[in-house]
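One structure below.
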Amino acid sequence: MTDDTVYSLIDGEVFEGTGDPVVVDDPATGSERIRYADGGEPAAAAALDSAQEGGRAWRALSPSRRGEVLVEASRRIRAAAEDLAQLECASAGKPIRDTRAEAQKVAEMFAFYAGFADKLFGDVVPVPTSHLNIVTREPLDTVVQLTPWNAPLFTAGWQLAPALAAGCAAVLKPSELTPSSSLMLARILHQAGVPAGAVNVVAGLGGTAGARLVSDERAGRVVFIGSVPTGRRVAAAAAGAGRPSLLELGGKSANIVFADADLKRAARAAQGAIFAAAGQSCTAGSRLLVQRPVYDQMVEWVSDAASRLVVGAPSDPATEVGPINNRRQFERVCGLIETGVSEGAKLMTGGPAADLAPGFFVRPTVFADVTPDMTIASEEIFGPVLAISPFDDEEEALALANGGAFDLAGAVWTRDVYRAIRMAKAIRAGTVWVNGYRSLSVMSPFGGMRGSGFGRSSGIDVMHEYTQPKSLWIETDESAVAPFGYGPED
Ligand code: NAD
């Protein structure tokens, strides 16, 4: 089942859009792949309406039953993993080897959060009065989730699984460029027993459907995964409606290699850090900072390896680097490569893959001798473009790493355990790896600092984003007298 007809899925039913046509190209060929009508404000409004009843039906099930449904969802996602992977590969242009792994990760997410459904225990607070004070965690009724085009299936599962485990109903608006896998996932959830309306998918544009969703007072939280400028607009709109948000935004992560590191492992990991998913990854290790004594060696190894990575059709299992997802982003990446050259960075390898045009392919690109004032050192490129810079000592490495505006992730490579700990503590980022890169698990919290967003997904932390505490005061002493006011006997 790899149907990628696009519509909104509201109350378990097809809701056809009536707005402007949305045209999506095949990233591998550059030609039109799908066309559908924007769901716009009508789909957004209908989805929010549906979520009210859908959420009530979902919360009417016992927490244990909700957990069982999510276990069943995990099982069904695993059973459909190959279809999900093929659909994601075709619609997002991601290599099939990556989408296969992502489909399995989504199954894992539902299995993991299923366990939380009946383990959201409360607290008893030893208040100094005669009350029994019980704090429960209450689900937010309806949450709005906006996801990007670079990892549509992964980010949908990432947010839907904990939201449902918490007892929320969700209105998910995937990127208008990649709605297909979210629709398929929602249908699987319904088949597993999630009530129609507890998960609605709105297929539409950000400026119409998205804008309507994020400014509605019924959104218990607006969860946004996407670019920095849009995230700021979304958070402002949500705040205008008095609603909180969670922002998972972009990054410009630094991968720091000291001369005493295992350089061969570091060189290999540096490639996965930036070239996996063709650099369209929020945690991409787009800046490689290398200590001077081993700088030339690392530049040579990484550039040579980058030129050997297999660039090609996403459907080919041999492909390591697929195309850029869309024409606009492809042109942006190509433009930033030109900027890198014009600003004086040394182009070691890469650039647009003219031989694969009109597909949106960019070869793994390595710039050396990048200085902090260059555009490619500070802007998130969101493509397979690595900027390598030298440094002398820890102090300089930290100044470079922490000098940008985004603080999503970072890594340090060294065999000196003291330095590893010093650096890991000092790197300002939500995720830091020591002698590694890219390891992530749904079990561990994930999110940015400063410009990369606020709030946390994954782990138990995200359960706090989808619930809120309620404090319950129960009088246990029937002779207790209120310290204010008079009784009839006074
Ligand atoms: P984007 O900001 O263009 O869009 C994200 C979502 O917001 C889409 O669904 C879009 O339709 C919607 N949207 C756009 N305008 C809107 C508006 N005015 N109101 C409401 N919704 C609106 O992002 P993108 O280009 O799709 O994704 C790439 C970005 O996502 C990169 O910056 C990347 O780093 C980031 N990202 C971050 C994470 C993370 O976890 N931190 C994960 C994946 C991607």
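Chains: A, B, ... in order of the structure tokens. Residues: from 1 per chain. Ligands: from 1, in order shown.
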
Could you list, with a cut-off of 8 Å and counting only C-alpha atoms and all ligand atoms, the residues of chain A near ligand 1, each shown with its nearest atom pair and the distance in Å rounded to one decimal, rows sorted by chain and ascending number, as JSON lines?
```
{"residue": "A:Leu146", "atom": "CA", "partner": "ligand 1", "partner_atom_place_in_ligand_line": "9 (O)", "distance": 4.7}
{"residue": "A:Thr147", "atom": "CA", "partner": "ligand 1", "partner_atom_place_in_ligand_line": "9 (O)", "distance": 4.6}
{"residue": "A:Pro148", "atom": "CA", "partner": "ligand 1", "partner_atom_place_in_ligand_line": "26 (O)", "distance": 3.4}
{"residue": "A:Trp149", "atom": "CA", "partner": "ligand 1", "partner_atom_place_in_ligand_line": "26 (O)", "distance": 4.5}
{"residue": "A:Asn150", "atom": "CA", "partner": "ligand 1", "partner_atom_place_in_ligand_line": "44 (C)", "distance": 6.0}
{"residue": "A:Ala151", "atom": "CA", "partner": "ligand 1", "partner_atom_place_in_ligand_line": "43 (C)", "distance": 6.2}
{"residue": "A:Thr155", "atom": "CA", "partner": "ligand 1", "partner_atom_place_in_ligand_line": "42 (C)", "distance": 7.0}
{"residue": "A:Lys173", "atom": "CA", "partner": "ligand 1", "partner_atom_place_in_ligand_line": "9 (O)", "distance": 5.6}
{"residue": "A:Pro174", "atom": "CA", "partner": "ligand 1", "partner_atom_place_in_ligand_line": "9 (O)", "distance": 4.6}
{"residue": "A:Ser175", "atom": "CA", "partner": "ligand 1", "partner_atom_place_in_ligand_line": "9 (O)", "distance": 3.5}
{"residue": "A:Glu176", "atom": "CA", "partner": "ligand 1", "partner_atom_place_in_ligand_line": "11 (O)", "distance": 5.5}
{"residue": "A:Leu177", "atom": "CA", "partner": "ligand 1", "partner_atom_place_in_ligand_line": "26 (O)", "distance": 7.9}
{"residue": "A:Gly204", "atom": "CA", "partner": "ligand 1", "partner_atom_place_in_ligand_line": "11 (O)", "distance": 7.1}
{"residue": "A:Leu205", "atom": "CA", "partner": "ligand 1", "partner_atom_place_in_ligand_line": "11 (O)", "distance": 5.1}
{"residue": "A:Gly206", "atom": "CA", "partner": "ligand 1", "partner_atom_place_in_ligand_line": "13 (N)", "distance": 3.5}
{"residue": "A:Gly207", "atom": "CA", "partner": "ligand 1", "partner_atom_place_in_ligand_line": "18 (N)", "distance": 4.4}
{"residue": "A:Thr208", "atom": "CA", "partner": "ligand 1", "partner_atom_place_in_ligand_line": "19 (N)", "distance": 7.3}
{"residue": "A:Ala209", "atom": "CA", "partner": "ligand 1", "partner_atom_place_in_ligand_line": "20 (C)", "distance": 7.2}
{"residue": "A:Gly210", "atom": "CA", "partner": "ligand 1", "partner_atom_place_in_ligand_line": "20 (C)", "distance": 3.6}
{"residue": "A:Ala211", "atom": "CA", "partner": "ligand 1", "partner_atom_place_in_ligand_line": "19 (N)", "distance": 3.7}
{"residue": "A:Arg212", "atom": "CA", "partner": "ligand 1", "partner_atom_place_in_ligand_line": "20 (C)", "distance": 7.3}
{"residue": "A:Leu213", "atom": "CA", "partner": "ligand 1", "partner_atom_place_in_ligand_line": "20 (C)", "distance": 7.0}
{"residue": "A:Val214", "atom": "CA", "partner": "ligand 1", "partner_atom_place_in_ligand_line": "20 (C)", "distance": 6.0}
{"residue": "A:Phe224", "atom": "CA", "partner": "ligand 1", "partner_atom_place_in_ligand_line": "7 (O)", "distance": 6.7}
{"residue": "A:Ile225", "atom": "CA", "partner": "ligand 1", "partner_atom_place_in_ligand_line": "37 (C)", "distance": 5.1}
{"residue": "A:Gly226", "atom": "CA", "partner": "ligand 1", "partner_atom_place_in_ligand_line": "30 (O)", "distance": 3.0}
{"residue": "A:Ser227", "atom": "CA", "partner": "ligand 1", "partner_atom_place_in_ligand_line": "32 (O)", "distance": 3.4}
{"residue": "A:Val228", "atom": "CA", "partner": "ligand 1", "partner_atom_place_in_ligand_line": "32 (O)", "distance": 6.0}
{"residue": "A:Pro229", "atom": "CA", "partner": "ligand 1", "partner_atom_place_in_ligand_line": "2 (O)", "distance": 6.8}
{"residue": "A:Thr230", "atom": "CA", "partner": "ligand 1", "partner_atom_place_in_ligand_line": "2 (O)", "distance": 4.5}
{"residue": "A:Gly231", "atom": "CA", "partner": "ligand 1", "partner_atom_place_in_ligand_line": "2 (O)", "distance": 6.1}
{"residue": "A:Arg233", "atom": "CA", "partner": "ligand 1", "partner_atom_place_in_ligand_line": "18 (N)", "distance": 6.4}
{"residue": "A:Val234", "atom": "CA", "partner": "ligand 1", "partner_atom_place_in_ligand_line": "19 (N)", "distance": 5.3}
{"residue": "A:Ala237", "atom": "CA", "partner": "ligand 1", "partner_atom_place_in_ligand_line": "19 (N)", "distance": 7.9}
{"residue": "A:Leu247", "atom": "CA", "partner": "ligand 1", "partner_atom_place_in_ligand_line": "41 (N)", "distance": 7.4}
{"residue": "A:Glu248", "atom": "CA", "partner": "ligand 1", "partner_atom_place_in_ligand_line": "41 (N)", "distance": 3.7}
{"residue": "A:Leu249", "atom": "CA", "partner": "ligand 1", "partner_atom_place_in_ligand_line": "41 (N)", "distance": 4.0}
{"residue": "A:Gly250", "atom": "CA", "partner": "ligand 1", "partner_atom_place_in_ligand_line": "34 (O)", "distance": 3.1}
{"residue": "A:Gly251", "atom": "CA", "partner": "ligand 1", "partner_atom_place_in_ligand_line": "34 (O)", "distance": 5.6}
{"residue": "A:Gln280", "atom": "CA", "partner": "ligand 1", "partner_atom_place_in_ligand_line": "33 (C)", "distance": 7.1}
{"residue": "A:Ser281", "atom": "CA", "partner": "ligand 1", "partner_atom_place_in_ligand_line": "34 (O)", "distance": 6.1}
{"residue": "A:Cys282", "atom": "CA", "partner": "ligand 1", "partner_atom_place_in_ligand_line": "34 (O)", "distance": 3.6}
{"residue": "A:Thr283", "atom": "CA", "partner": "ligand 1", "partner_atom_place_in_ligand_line": "34 (O)", "distance": 7.2}
{"residue": "A:Glu380", "atom": "CA", "partner": "ligand 1", "partner_atom_place_in_ligand_line": "32 (O)", "distance": 7.0}
{"residue": "A:Phe382", "atom": "CA", "partner": "ligand 1", "partner_atom_place_in_ligand_line": "31 (C)", "distance": 6.6}
{"residue": "A:Leu408", "atom": "CA", "partner": "ligand 1", "partner_atom_place_in_ligand_line": "41 (N)", "distance": 7.0}
{"residue": "A:Phe446", "atom": "CA", "partner": "ligand 1", "partner_atom_place_in_ligand_line": "40 (O)", "distance": 7.5}
{"residue": "A:Gly447", "atom": "CA", "partner": "ligand 1", "partner_atom_place_in_ligand_line": "41 (N)", "distance": 6.2}
{"residue": "A:Gly448", "atom": "CA", "partner": "ligand 1", "partner_atom_place_in_ligand_line": "41 (N)", "distance": 6.6}
{"residue": "A:Ser452", "atom": "CA", "partner": "ligand 1", "partner_atom_place_in_ligand_line": "41 (N)", "distance": 6.6}
{"residue": "A:Gly453", "atom": "CA", "partner": "ligand 1", "partner_atom_place_in_ligand_line": "41 (N)", "distance": 7.2}
```

Counting only C-alpha atoms, what is within 7 Å of Leu472 (chain A), bar same-chain residues fewer than 2 positions away, as an mmCIF file with C-alpha atoms, in the first residue's frame?
```cif
data_model
loop_
_atom_site.group_PDB
_atom_site.id
_atom_site.type_symbol
_atom_site.label_atom_id
_atom_site.label_comp_id
_atom_site.auth_asym_id
_atom_site.auth_seq_id
_atom_site.Cartn_x
_atom_site.Cartn_y
_atom_site.Cartn_z
ATOM 1 C CA ASN A 133 -2.328 17.289 48.286
ATOM 2 C CA ILE A 134 -2.297 15.141 45.180
ATOM 3 C CA VAL A 135 -0.710 16.284 41.944
ATOM 4 C CA LYS A 470 -3.148 19.616 38.445
ATOM 5 C CA ILE A 474 -8.404 17.335 49.944
#
```

Helix (DSSP H, G or I) call set, DSSP backbone run, region 136-340 of chain A, as a ChimeraX atom specification: /A:152-166,180-192,206-214,228-240,263-279,292-308,327-340

May I ask for the distance between CA of Ala313 (chain A) and CA of Glu102 (chain A), given in Å to one decimal place? 17.9 Å

Excluding region 37-42 of chain A and its own-chain neighbours fewer than 3 positions away, which residues fall within 8 Å of it when counting only C-alpha atoms? Please give them as a list in words. Tyr7, Ser8, Phe15, Glu16, Gly17, Thr18, Gly19, Asp20, Pro21, Val22, Ala45, Ala46, Val202, Ala203, Gly204, Leu205, Thr208, Ala209, Gly210 and Arg212 of chain A

Dump N, CA, C and O atoms for the selected residues as a PDB file, in the first residue's frame?
```
ATOM      1  N   TYR A   7      -4.917  14.217   0.531  1.00  0.00           N
ATOM      2  CA  TYR A   7      -6.143  14.850   1.026  1.00  0.00           C
ATOM      3  C   TYR A   7      -5.920  15.054   2.506  1.00  0.00           C
ATOM      4  O   TYR A   7      -4.913  14.575   3.058  1.00  0.00           O
ATOM      5  N   SER A   8      -6.843  15.729   3.179  1.00  0.00           N
ATOM      6  CA  SER A   8      -6.749  15.778   4.633  1.00  0.00           C
ATOM      7  C   SER A   8      -7.536  14.600   5.183  1.00  0.00           C
ATOM      8  O   SER A   8      -8.479  14.120   4.554  1.00  0.00           O
ATOM      9  N   PHE A  15     -11.058  14.396   3.476  1.00  0.00           N
ATOM     10  CA  PHE A  15     -11.555  15.773   3.398  1.00  0.00           C
ATOM     11  C   PHE A  15     -10.781  16.433   2.262  1.00  0.00           C
ATOM     12  O   PHE A  15      -9.595  16.704   2.386  1.00  0.00           O
ATOM     13  N   GLU A  16     -11.468  16.643   1.142  1.00  0.00           N
ATOM     14  CA  GLU A  16     -10.782  17.200  -0.037  1.00  0.00           C
ATOM     15  C   GLU A  16     -10.586  18.698   0.137  1.00  0.00           C
ATOM     16  O   GLU A  16     -11.512  19.404   0.550  1.00  0.00           O
ATOM     17  N   GLY A  17      -9.414  19.176  -0.198  1.00  0.00           N
ATOM     18  CA  GLY A  17      -9.156  20.608  -0.143  1.00  0.00           C
ATOM     19  C   GLY A  17      -9.846  21.335  -1.282  1.00  0.00           C
ATOM     20  O   GLY A  17     -10.180  20.732  -2.311  1.00  0.00           O
ATOM     21  N   THR A  18     -10.056  22.622  -1.090  1.00  0.00           N
ATOM     22  CA  THR A  18     -10.681  23.433  -2.138  1.00  0.00           C
ATOM     23  C   THR A  18      -9.815  24.659  -2.450  1.00  0.00           C
ATOM     24  O   THR A  18     -10.238  25.554  -3.167  1.00  0.00           O
ATOM     25  N   GLY A  19      -8.608  24.692  -1.860  1.00  0.00           N
ATOM     26  CA  GLY A  19      -7.752  25.872  -2.040  1.00  0.00           C
ATOM     27  C   GLY A  19      -6.902  25.798  -3.302  1.00  0.00           C
ATOM     28  O   GLY A  19      -7.154  24.980  -4.198  1.00  0.00           O
ATOM     29  N   ASP A  20      -5.869  26.605  -3.318  1.00  0.00           N
ATOM     30  CA  ASP A  20      -4.976  26.659  -4.482  1.00  0.00           C
ATOM     31  C   ASP A  20      -4.288  25.309  -4.692  1.00  0.00           C
ATOM     32  O   ASP A  20      -4.077  24.559  -3.730  1.00  0.00           O
ATOM     33  N   PRO A  21      -3.925  25.032  -5.942  1.00  0.00           N
ATOM     34  CA  PRO A  21      -3.213  23.764  -6.167  1.00  0.00           C
ATOM     35  C   PRO A  21      -1.818  23.776  -5.526  1.00  0.00           C
ATOM     36  O   PRO A  21      -1.140  24.806  -5.549  1.00  0.00           O
ATOM     37  N   VAL A  22      -1.476  22.653  -4.935  1.00  0.00           N
ATOM     38  CA  VAL A  22      -0.118  22.491  -4.397  1.00  0.00           C
ATOM     39  C   VAL A  22       0.569  21.475  -5.313  1.00  0.00           C
ATOM     40  O   VAL A  22       0.055  20.370  -5.507  1.00  0.00           O
ATOM     41  N   ALA A  45      -9.914  24.124  10.429  1.00  0.00           N
ATOM     42  CA  ALA A  45     -11.024  24.327  11.362  1.00  0.00           C
ATOM     43  C   ALA A  45     -11.760  23.005  11.608  1.00  0.00           C
ATOM     44  O   ALA A  45     -12.096  22.668  12.757  1.00  0.00           O
ATOM     45  N   ALA A  46     -11.970  22.244  10.533  1.00  0.00           N
ATOM     46  CA  ALA A  46     -12.687  20.958  10.680  1.00  0.00           C
ATOM     47  C   ALA A  46     -11.863  19.994  11.541  1.00  0.00           C
ATOM     48  O   ALA A  46     -12.414  19.245  12.364  1.00  0.00           O
ATOM     49  N   VAL A 202      -3.902  17.372   8.452  1.00  0.00           N
ATOM     50  CA  VAL A 202      -4.305  18.455   7.559  1.00  0.00           C
ATOM     51  C   VAL A 202      -3.260  18.598   6.459  1.00  0.00           C
ATOM     52  O   VAL A 202      -2.089  18.862   6.741  1.00  0.00           O
ATOM     53  N   ALA A 203      -3.704  18.381   5.216  1.00  0.00           N
ATOM     54  CA  ALA A 203      -2.788  18.543   4.080  1.00  0.00           C
ATOM     55  C   ALA A 203      -2.990  19.952   3.535  1.00  0.00           C
ATOM     56  O   ALA A 203      -4.012  20.233   2.913  1.00  0.00           O
ATOM     57  N   GLY A 204      -2.046  20.803   3.817  1.00  0.00           N
ATOM     58  CA  GLY A 204      -2.234  22.177   3.354  1.00  0.00           C
ATOM     59  C   GLY A 204      -0.998  23.019   3.563  1.00  0.00           C
ATOM     60  O   GLY A 204       0.004  22.581   4.135  1.00  0.00           O
ATOM     61  N   LEU A 205      -1.102  24.242   3.117  1.00  0.00           N
ATOM     62  CA  LEU A 205       0.030  25.164   3.165  1.00  0.00           C
ATOM     63  C   LEU A 205       0.216  25.754   4.553  1.00  0.00           C
ATOM     64  O   LEU A 205      -0.753  25.879   5.324  1.00  0.00           O
ATOM     65  N   THR A 208      -1.782  29.111   5.129  1.00  0.00           N
ATOM     66  CA  THR A 208      -3.255  29.037   5.229  1.00  0.00           C
ATOM     67  C   THR A 208      -3.638  28.095   6.376  1.00  0.00           C
ATOM     68  O   THR A 208      -4.004  28.541   7.458  1.00  0.00           O
ATOM     69  N   ALA A 209      -3.501  26.785   6.116  1.00  0.00           N
ATOM     70  CA  ALA A 209      -3.896  25.791   7.130  1.00  0.00           C
ATOM     71  C   ALA A 209      -3.062  25.942   8.403  1.00  0.00           C
ATOM     72  O   ALA A 209      -3.593  25.954   9.523  1.00  0.00           O
ATOM     73  N   GLY A 210      -1.728  26.071   8.222  1.00  0.00           N
ATOM     74  CA  GLY A 210      -0.842  26.163   9.393  1.00  0.00           C
ATOM     75  C   GLY A 210      -1.168  27.383  10.235  1.00  0.00           C
ATOM     76  O   GLY A 210      -1.307  27.300  11.461  1.00  0.00           O
ATOM     77  N   ARG A 212      -3.866  29.036  10.488  1.00  0.00           N
ATOM     78  CA  ARG A 212      -5.159  28.891  11.175  1.00  0.00           C
ATOM     79  C   ARG A 212      -5.005  28.011  12.430  1.00  0.00           C
ATOM     80  O   ARG A 212      -5.544  28.317  13.493  1.00  0.00           O
TER      81      ARG A 212
END
```

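CA of Val69 (chain A) is found 19.9 Å from CA of Ser50 (chain A).
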
Would you kindly return, as an NGL selection string, each protein, DNA or RNA residue with an atom no farther than 10 Å from any atom of region 347-350 of chain A, considering only C-alpha atoms and excluding same-chain residues fewer than 3 positions away? :A and (299-300 or 302-307 or 337-338 or 340-341 or 344 or 353 or 362-370 or 384-387)

Backbone-only DSSP, strand (DSSP E) members of region 77-259 of chain A, as a ChimeraX atom specification: /A:123-125,131-139,142-146,169-173,199-201,221-225,245-248,254-257

Who sits within 9 Å of Phe116 (chain A), only C-alpha atoms, same chain under 4 positions skipped, as a CSV table (one decimal) with N, CA, C and O atoms, in the first residue's frame:
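Okay, this is what ended up in out-v8.csv:
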```
chain,number,residue,atom,x,y,z
A,63,PRO,N,-6.3,4.2,30.7
A,63,PRO,CA,-4.9,4.4,30.3
A,63,PRO,C,-4.3,3.1,29.8
A,63,PRO,O,-3.5,3.1,28.8
A,67,GLY,N,-2.7,2.2,26.1
A,67,GLY,CA,-1.3,1.7,26.0
A,67,GLY,C,-1.4,0.4,25.0
A,67,GLY,O,-0.5,0.3,24.1
A,112,PHE,N,7.7,2.4,22.8
A,112,PHE,CA,8.2,3.1,24.0
A,112,PHE,C,7.2,3.9,24.7
A,112,PHE,O,7.0,3.8,25.9
A,120,LEU,N,1.7,7.4,34.1
A,120,LEU,CA,1.8,8.8,34.4
A,120,LEU,C,1.3,9.0,35.8
A,120,LEU,O,0.3,9.5,36.1
A,162,PRO,N,4.0,10.2,21.8
A,162,PRO,CA,3.9,10.7,23.2
A,162,PRO,C,2.6,11.5,23.4
A,162,PRO,O,2.0,11.4,24.5
A,165,ALA,N,0.0,8.9,24.0
A,165,ALA,CA,0.2,8.2,25.2
A,165,ALA,C,-0.2,9.1,26.4
A,165,ALA,O,-0.7,8.6,27.4
A,166,ALA,N,-0.1,10.4,26.2
A,166,ALA,CA,-0.5,11.3,27.3
A,166,ALA,C,-2.0,11.5,27.3
A,166,ALA,O,-2.6,12.0,28.3
A,460,ILE,N,11.3,11.0,28.8
A,460,ILE,CA,10.1,11.3,29.6
A,460,ILE,C,9.8,12.8,29.5
A,460,ILE,O,8.6,13.2,29.8
A,463,MET,N,6.7,14.0,27.8
A,463,MET,CA,5.4,13.7,28.4
A,463,MET,C,5.0,14.9,29.2
A,463,MET,O,3.8,15.2,29.4
```

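Interatomic distance, CA of Thr5 (chain A) to CA of Pro27 (chain A): 17.3 Å.
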
Neighbour list for Thr339 (chain A) as number ranges by chain, cut-off 9 Å, only C-alpha atoms, skip fewer than 6 positions in-chain: A: 345, 374-376

Expected file: the selected residues, all heavy atoms, as an mmCIF file, in the first residue's frame:
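Now in again-v9.cif:
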```cif
data_model
loop_
_atom_site.group_PDB
_atom_site.id
_atom_site.type_symbol
_atom_site.label_atom_id
_atom_site.label_comp_id
_atom_site.auth_asym_id
_atom_site.auth_seq_id
_atom_site.Cartn_x
_atom_site.Cartn_y
_atom_site.Cartn_z
ATOM 1 N N ALA A 345 36.423 30.650 0.765
ATOM 2 C CA ALA A 345 36.663 29.321 1.338
ATOM 3 C C ALA A 345 37.233 28.421 0.235
ATOM 4 O O ALA A 345 37.001 28.669 -0.953
ATOM 5 C CB ALA A 345 35.371 28.732 1.885
ATOM 6 N N MET A 374 32.552 33.960 7.492
ATOM 7 C CA MET A 374 31.956 33.539 6.214
ATOM 8 C C MET A 374 30.514 33.064 6.427
ATOM 9 O O MET A 374 30.196 32.454 7.450
ATOM 10 C CB MET A 374 32.772 32.392 5.603
ATOM 11 C CG MET A 374 34.139 32.830 5.127
ATOM 12 S SD MET A 374 35.022 31.408 4.433
ATOM 13 C CE MET A 374 36.626 32.147 4.112
ATOM 14 N N THR A 375 29.709 33.289 5.411
ATOM 15 C CA THR A 375 28.286 32.900 5.497
ATOM 16 C C THR A 375 28.145 31.401 5.765
ATOM 17 O O THR A 375 27.310 30.989 6.574
ATOM 18 C CB THR A 375 27.580 33.268 4.171
ATOM 19 O OG1 THR A 375 27.884 34.631 3.882
ATOM 20 C CG2 THR A 375 26.081 33.075 4.265
ATOM 21 N N ILE A 376 28.966 30.591 5.092
ATOM 22 C CA ILE A 376 28.810 29.142 5.242
ATOM 23 C C ILE A 376 29.234 28.657 6.633
ATOM 24 O O ILE A 376 28.987 27.503 6.984
ATOM 25 C CB ILE A 376 29.555 28.338 4.148
ATOM 26 C CG1 ILE A 376 31.049 28.656 4.167
ATOM 27 C CG2 ILE A 376 28.940 28.579 2.786
ATOM 28 C CD1 ILE A 376 31.862 27.668 3.319
#
```

Would you pick out the contacts of Arg419 (chain A) at 12 Å or less, using only C-alpha atoms, so that residues sharing its chain but fewer than 3 positions from it are not included, and give the list as an MDAnalysis selection string? chainID A and resid 256:258 260:261 393:395 397:398 412:416 422:427 434:435

Write the residues of the preceding selection, restricted to N, CA, C and O atoms, as a tab-separated table (two decimals), in the first residue's frame.
```tsv
chain	number	residue	atom	x	y	z
A	256	ILE	N	34.01	18.70	16.81
A	256	ILE	CA	35.35	19.19	17.17
A	256	ILE	C	36.33	18.02	17.30
A	256	ILE	O	36.11	17.11	18.11
A	257	VAL	N	37.41	18.06	16.53
A	257	VAL	CA	38.38	16.95	16.55
A	257	VAL	C	39.72	17.45	17.08
A	257	VAL	O	40.35	18.33	16.47
A	258	PHE	N	40.15	16.89	18.20
A	258	PHE	CA	41.48	17.22	18.76
A	258	PHE	C	42.53	16.29	18.16
A	258	PHE	O	42.21	15.17	17.71
A	260	ASP	N	44.64	14.46	19.48
A	260	ASP	CA	44.86	13.17	20.15
A	260	ASP	C	43.72	12.17	19.91
A	260	ASP	O	43.68	11.10	20.52
A	261	ALA	N	42.77	12.52	19.04
A	261	ALA	CA	41.60	11.65	18.83
A	261	ALA	C	41.94	10.45	17.95
A	261	ALA	O	43.00	10.43	17.31
A	393	ASP	N	43.61	25.60	20.25
A	393	ASP	CA	43.47	25.02	21.59
A	393	ASP	C	41.98	24.96	21.99
A	393	ASP	O	41.10	25.39	21.25
A	394	GLU	N	41.75	24.43	23.20
A	394	GLU	CA	40.36	24.26	23.68
A	394	GLU	C	39.60	25.57	23.66
A	394	GLU	O	38.42	25.62	23.29
A	395	GLU	N	40.29	26.60	24.09
A	395	GLU	CA	39.61	27.90	24.21
A	395	GLU	C	39.10	28.36	22.84
A	395	GLU	O	37.95	28.79	22.69
A	397	ALA	N	38.57	26.44	20.20
A	397	ALA	CA	37.54	25.51	19.72
A	397	ALA	C	36.18	25.87	20.31
A	397	ALA	O	35.16	25.88	19.62
A	398	LEU	N	36.19	26.19	21.60
A	398	LEU	CA	34.92	26.53	22.27
A	398	LEU	C	34.35	27.84	21.76
A	398	LEU	O	33.14	27.97	21.55
A	412	VAL	N	32.65	16.17	20.43
A	412	VAL	CA	34.07	16.37	20.68
A	412	VAL	C	34.77	15.01	20.56
A	412	VAL	O	34.27	14.00	21.05
A	413	TRP	N	35.91	15.03	19.86
A	413	TRP	CA	36.71	13.82	19.67
A	413	TRP	C	38.07	14.02	20.35
A	413	TRP	O	38.81	14.93	19.99
A	414	THR	N	38.37	13.19	21.32
A	414	THR	CA	39.64	13.24	22.02
A	414	THR	C	39.81	11.95	22.81
A	414	THR	O	38.82	11.31	23.17
A	415	ARG	N	41.09	11.58	23.09
A	415	ARG	CA	41.31	10.41	23.95
A	415	ARG	C	41.54	10.84	25.40
A	415	ARG	O	41.69	10.01	26.28
A	416	ASP	N	41.57	12.13	25.63
A	416	ASP	CA	41.81	12.67	26.98
A	416	ASP	C	40.47	12.80	27.71
A	416	ASP	O	39.65	13.67	27.36
A	422	ARG	N	35.42	18.27	30.11
A	422	ARG	CA	35.44	19.75	30.12
A	422	ARG	C	34.70	20.31	28.90
A	422	ARG	O	33.86	21.19	29.01
A	423	MET	N	35.03	19.76	27.75
A	423	MET	CA	34.44	20.28	26.51
A	423	MET	C	32.95	19.97	26.44
A	423	MET	O	32.15	20.82	26.06
A	424	ALA	N	32.59	18.73	26.81
A	424	ALA	CA	31.17	18.35	26.72
A	424	ALA	C	30.32	19.25	27.60
A	424	ALA	O	29.20	19.63	27.24
A	425	LYS	N	30.87	19.63	28.76
A	425	LYS	CA	30.11	20.52	29.64
A	425	LYS	C	30.03	21.93	29.07
A	425	LYS	O	29.05	22.63	29.22
A	426	ALA	N	31.10	22.33	28.40
A	426	ALA	CA	31.16	23.74	27.95
A	426	ALA	C	30.49	23.97	26.59
A	426	ALA	O	30.13	25.10	26.28
A	427	ILE	N	30.32	22.92	25.80
A	427	ILE	CA	29.66	23.12	24.50
A	427	ILE	C	28.19	23.42	24.78
A	427	ILE	O	27.50	22.66	25.46
A	434	VAL	N	30.45	12.44	22.65
A	434	VAL	CA	31.89	12.33	22.86
A	434	VAL	C	32.35	11.11	22.06
A	434	VAL	O	31.83	10.01	22.24
A	435	ASN	N	33.31	11.34	21.16
A	435	ASN	CA	33.83	10.28	20.29
A	435	ASN	C	32.72	9.57	19.52
A	435	ASN	O	32.67	8.34	19.45
```

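Nearest-residue note for Arg78 (chain A): choosing from A:Arg428, A:Arg221, A:Arg59, A:Arg100, the minimum distance belongs to A:Arg100, counting only C-alpha atoms.
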
Ala85 (chain A) proximity check over A:Trp301, A:Tyr113, A:Tyr466, A:Phe154, using only C-alpha atoms: winner is A:Phe154

For Leu400 (chain A), the nearest of the candidates A:Asn255, A:Gly485, A:Val310, A:Ala273, counting only C-alpha atoms: A:Asn255

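When only C-alpha atoms are used to measure the gap to Gly404 (chain A), the shortest distance among A:Glu320, A:Ala254, A:Ala267, A:Arg438 belongs to A:Ala254.
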